[in-house]
Amino acid sequence: MDSRRLFSGSFSLKNIHPAVLITAVFLVAYPSFATDFFIFQIGAYSLILGTIALSLMMLAGYGGMVSLAQLTVAGLAAYLMAILGDNSMGVMGLGWPWWLTVIVSVLGAALFSTFIGAVSVRTEGIYTIMITLAVAVAFFYFVRQNYVLFNGFTGFAGVEPPILFGVYWRDPVPFYYLSLVVAVGFFAAVSYCARSTFGLGLQAIRDNPRRMRALGYNVTLHRIVAYFFSGIVAGVGGVLLVWFNGRVSPGTVGVDVAIDILVIAVVGGMRHPIGPFLGAIAFVLLENFAIDLIDRERFNMVIGAAFLLVVLFSPDGLLGLWNRVRDRLRFRGNAQLSAERVNKDDPASSGSLEKS
Amino acid sequence: MRNFIERHTFWAIVLLLVVVLFLWMIFAVWPDWLVEAFGRKKTFVNTLLNGVTLGGLYFLVASGFTLIFGLMRNVNLAHGSMYLLGAYIGYEVADRTGNWFFGLAVAFLAVAISGVLLQVLIFRRMANDDLRQTLVTIGISIIAADAMLAIWTGTTYQFSPPDWLFGAADLPIISVIKSSGAAVYIKYPVFRLVVLAIAVAVGIGLWIFLNRTRIGMMIRAGVNDREMLAATGVNVQLVFVLVFAIGAGLAGFAGVIGGTALSVAPGEDIRYLLASLVVVIVGGLGSITGAAVGALIIGLAEQFGLAYFPTYGVVLTFLIMVVVLAVRPQGLMGGRG
């Protein structure tokens, strides 16, 4: 079938673009020339947000299911870390060993994500966004009200990564490399998954669920499994997030943050796994340096405006913008070829190409 | 209605029994064992009334949401922002002019106009791309929330409606009979009853508008088949604008009503957005009756959850949503699916 050619054809060492190598070298060498602030607050944080946004990109880009509950899934993992592991609040904190806590937290998050998927895939398209948004808001209110399990408004503090191999993993450099390994690992996994039979099936379901159902594919199961995988990605992101912050509270899983994740994924671009990371870097840079440009209070305005502009004028995000610039620089014939290829990849986005 | 009884006789009987039970619990003087099991009758009746009136408020917000969705397939996630905008504008006007009703009217008009602008300037440009439309409304709600925070700051505002709307009324429901034999009647805030009355009036008005007028007929036809309606020579864009104006206006209207019954503060936009989402998911998207049923269920669930098991109240609401989605993905009153 066609899938075999696609599968084997696009994964060879020769095809690695020089830009990928340069990026890889830059990412590995980054801590050697950056300050602690840039390593931790910008570098590691972008990678964490990028990972969580990657889980959304996976669902939305390949599965066509825009879930607003990905941060909620990550937040649940973060809360489980505090509840099962240690925290300094004197509520819960069962003191499980760190590896067990991490595994159970990530699995718990993945199960929660599966559950959200099972609830929301029964309806299609635009309903998903509503149901997942409702889940996200309900989870936020629930953890804020519940003092027995989630310690209510204050949440938990003092959640620390373990000291392993004599390294304190919350130090900027080790934590950066930890986030980098996780992010690159999931990036590769998602890229691989997109070309696997499962990923191709998922993309076909996104484009035409009825045809796939007629061909004998279990559409519902494909979607739910996609939710499970994205739950793992988001869950690991949540574990890193709670180690990064050292604390987790209802504010961590607030609706505004959940929407920030969507903003990151959309601004970066939903068509390729690199998109969420680009979006995350742009978001974190803006978050940290917007103060110099405008009032700190009005940060949301800037983010909202950036998001609106992207949705209105470049639905493929920064990636789409880059593709268009590149196409313009090339010869006309080449540009047409690549436009056709892009068109074939995702017919839904053809609207954006008309303008270029 | 008759159709429902014929098709689901069992559920109709269950429903009837529940209603009878509730009526008995409202009007009878509670025996001791019931008081032991449920707490005081006053709590129960107040919770019930709170739930029903809150349901009325939710209906006001959600009916506009569901109306817009039904016709345009556009999930307007800025609906909560419209609620809050209406509340702030209503407050400003009512505060300056000293007339609460004037504030109500201006809030309706102003938010309706903002809805028209949204439809004409943005949604019309991206017809048939509902995901993008929805994302745009998210962007707008982020900006709107921040702009409103900048203008009206984080302070909580309280409306001052006319005196005769405030205060409490004696209901013809006996709470307890004192040992002296004198009956104690339950008191309840007048304004909340007014909220309920307004919600019922708006519901009936919408029903008449949709089912008994020519424009309503066009809207219903548009809900069923937009292209065919356009083919018969109706200016669909005009109908869209009208529906968007009514839907948005209702959100603004609800903002003043809800702001008066409770209070106005940042963050309310998310709360009412959640309420509208859950109400229309439970009730069925695009159906006004569904919005009424969903609003009643969610309002009651929220208040009973709050009164009888406070820390898990949200879970109850959420559970109802999940159960409905599992049993009837298109919602209780949703037609297609």
# chains A, B, ... in the order shown; residues from 1 in each chain; ligands from 1
$ interface_residues --of "chain A" --to "chain B" --cutoff "7 Å" --atoms "only C-alpha atoms" --output "VMD selection string"
chain A and resid 119 122 to 123 126 130 134 137 to 138 141 to 142 145 to 146 298 300 to 301 304 to 305 307 to 308 311
$ residues_around --residues "A:Trp98" --least-positions-apart "6" --cutoff "9 Å" --atoms "only C-alpha atoms" --output "PyMOL selection string"
chain A and resi 81+85-86+161-162
$ write_last_selection --atoms "C-alpha atoms" --output "PDB file, in the first residue's frame"
ATOM      1  CA  MET A  81       3.011  13.830  42.319  1.00  0.00           C
ATOM      2  CA  GLY A  85       4.974  11.697  46.848  1.00  0.00           C
ATOM      3  CA  ASP A  86       6.136  14.285  49.327  1.00  0.00           C
ATOM      4  CA  PRO A 161      12.641  15.982  42.198  1.00  0.00           C
ATOM      5  CA  PRO A 162      14.738  13.186  43.711  1.00  0.00           C
TER       6      PRO A 162
END
$ closest_residue --among "B:Ile198, B:Ile174, B:Leu67, B:Ile257" --to "B:Phe27" --atoms "only C-alpha atoms"
B:Ile174
$ select_by_dssp --residues "stretch 236-272 of chain B" --states "helix (DSSP H, G or I)" --output "MDAnalysis selection string"
chainID B and resid 236:261 268:272
$ write_last_selection --atoms "N, CA and C atoms" --output "tab-separated table (two decimals), in the first residue's frame"
chain	number	residue	atom	x	y	z
B	236	VAL	N	-29.81	35.10	4.03
B	236	VAL	CA	-29.37	34.34	5.20
B	236	VAL	C	-28.46	35.19	6.09
B	237	GLN	N	-27.62	35.99	5.46
B	237	GLN	CA	-26.69	36.81	6.25
B	237	GLN	C	-27.43	37.71	7.21
B	238	LEU	N	-28.58	38.24	6.74
B	238	LEU	CA	-29.37	39.12	7.59
B	238	LEU	C	-29.95	38.35	8.78
B	239	VAL	N	-30.40	37.14	8.48
B	239	VAL	CA	-30.94	36.29	9.56
B	239	VAL	C	-29.85	35.99	10.57
B	240	PHE	N	-28.63	35.70	10.06
B	240	PHE	CA	-27.49	35.44	10.95
B	240	PHE	C	-27.27	36.63	11.88
B	241	VAL	N	-27.24	37.82	11.28
B	241	VAL	CA	-26.97	39.02	12.08
B	241	VAL	C	-28.03	39.16	13.16
B	242	LEU	N	-29.28	38.94	12.78
B	242	LEU	CA	-30.37	39.08	13.73
B	242	LEU	C	-30.22	38.10	14.89
B	243	VAL	N	-29.94	36.84	14.54
B	243	VAL	CA	-29.82	35.82	15.58
B	243	VAL	C	-28.64	36.13	16.49
B	244	PHE	N	-27.55	36.57	15.88
B	244	PHE	CA	-26.38	36.89	16.69
B	244	PHE	C	-26.70	38.05	17.63
B	245	ALA	N	-27.45	39.03	17.12
B	245	ALA	CA	-27.82	40.17	17.95
B	245	ALA	C	-28.68	39.71	19.12
B	246	ILE	N	-29.66	38.86	18.85
B	246	ILE	CA	-30.54	38.40	19.93
B	246	ILE	C	-29.74	37.56	20.94
B	247	GLY	N	-28.93	36.64	20.41
B	247	GLY	CA	-28.16	35.77	21.31
B	247	GLY	C	-27.21	36.56	22.19
B	248	ALA	N	-26.47	37.49	21.57
B	248	ALA	CA	-25.53	38.29	22.34
B	248	ALA	C	-26.29	39.19	23.30
B	249	GLY	N	-27.37	39.80	22.82
B	249	GLY	CA	-28.17	40.69	23.66
B	249	GLY	C	-28.67	39.96	24.90
B	250	LEU	N	-29.12	38.73	24.71
B	250	LEU	CA	-29.60	37.95	25.86
B	250	LEU	C	-28.48	37.74	26.88
B	251	ALA	N	-27.25	37.53	26.37
B	251	ALA	CA	-26.12	37.36	27.30
B	251	ALA	C	-25.92	38.64	28.11
B	252	GLY	N	-25.97	39.79	27.43
B	252	GLY	CA	-25.81	41.06	28.13
B	252	GLY	C	-26.93	41.29	29.14
B	253	PHE	N	-28.14	40.98	28.71
B	253	PHE	CA	-29.33	41.08	29.56
B	253	PHE	C	-29.14	40.23	30.81
B	254	ALA	N	-28.72	38.98	30.58
B	254	ALA	CA	-28.48	38.06	31.70
B	254	ALA	C	-27.39	38.61	32.60
B	255	GLY	N	-26.41	39.33	32.01
B	255	GLY	CA	-25.34	39.90	32.82
B	255	GLY	C	-25.89	40.83	33.89
B	256	VAL	N	-26.83	41.70	33.50
B	256	VAL	CA	-27.40	42.63	34.48
B	256	VAL	C	-28.25	41.88	35.51
B	257	ILE	N	-29.07	40.94	35.02
B	257	ILE	CA	-29.92	40.18	35.93
B	257	ILE	C	-29.07	39.39	36.92
B	258	GLY	N	-28.08	38.66	36.36
B	258	GLY	CA	-27.22	37.84	37.22
B	258	GLY	C	-26.37	38.70	38.13
B	259	GLY	N	-25.89	39.83	37.59
B	259	GLY	CA	-25.08	40.73	38.39
B	259	GLY	C	-25.86	41.29	39.56
B	260	THR	N	-27.17	41.51	39.35
B	260	THR	CA	-27.99	42.04	40.43
B	260	THR	C	-28.28	40.96	41.47
B	261	ALA	N	-28.59	39.76	40.98
B	261	ALA	CA	-28.91	38.68	41.91
B	261	ALA	C	-27.69	38.27	42.72
B	268	GLU	N	-16.22	35.94	36.40
B	268	GLU	CA	-17.59	35.49	36.18
B	268	GLU	C	-17.80	35.02	34.75
B	269	ASP	N	-17.02	35.61	33.82
B	269	ASP	CA	-17.18	35.22	32.41
B	269	ASP	C	-16.93	33.73	32.24
B	270	ILE	N	-15.87	33.22	32.91
B	270	ILE	CA	-15.57	31.80	32.79
B	270	ILE	C	-16.67	30.96	33.42
B	271	ARG	N	-17.16	31.45	34.57
B	271	ARG	CA	-18.19	30.71	35.28
B	271	ARG	C	-19.43	30.53	34.42
B	272	TYR	N	-19.86	31.62	33.80
B	272	TYR	CA	-21.08	31.51	33.01
B	272	TYR	C	-20.84	30.84	31.67
$ residues_around --residues "B:Ile288" --least-positions-apart "6" --cutoff "10 Å" --atoms "only C-alpha atoms" --output "PyMOL selection string"
chain B and resi 59+62-67+70+203+206-207+210+280+294+333-334
$ write_last_selection --atoms "C-alpha atoms" --output "mmCIF file, in the first residue's frame"
data_model
loop_
_atom_site.group_PDB
_atom_site.id
_atom_site.type_symbol
_atom_site.label_atom_id
_atom_site.label_comp_id
_atom_site.auth_asym_id
_atom_site.auth_seq_id
_atom_site.Cartn_x
_atom_site.Cartn_y
_atom_site.Cartn_z
ATOM 1 C CA PHE B 59 -31.289 29.607 30.867
ATOM 2 C CA ALA B 62 -27.451 29.588 27.600
ATOM 3 C CA SER B 63 -30.447 30.275 25.368
ATOM 4 C CA GLY B 64 -28.475 32.856 23.406
ATOM 5 C CA PHE B 65 -25.520 30.482 23.195
ATOM 6 C CA THR B 66 -27.612 27.634 21.876
ATOM 7 C CA LEU B 67 -29.542 29.872 19.481
ATOM 8 C CA GLY B 70 -28.100 26.077 16.246
ATOM 9 C CA GLY B 203 -38.430 31.457 27.369
ATOM 10 C CA LEU B 206 -38.442 33.033 22.432
ATOM 11 C CA TRP B 207 -40.779 30.137 21.829
ATOM 12 C CA LEU B 210 -39.386 31.051 16.875
ATOM 13 C CA VAL B 280 -26.266 23.038 26.258
ATOM 14 C CA GLY B 294 -30.489 21.589 30.984
ATOM 15 C CA MET B 333 -33.414 17.382 23.627
ATOM 16 C CA GLY B 334 -30.907 17.325 20.780
#
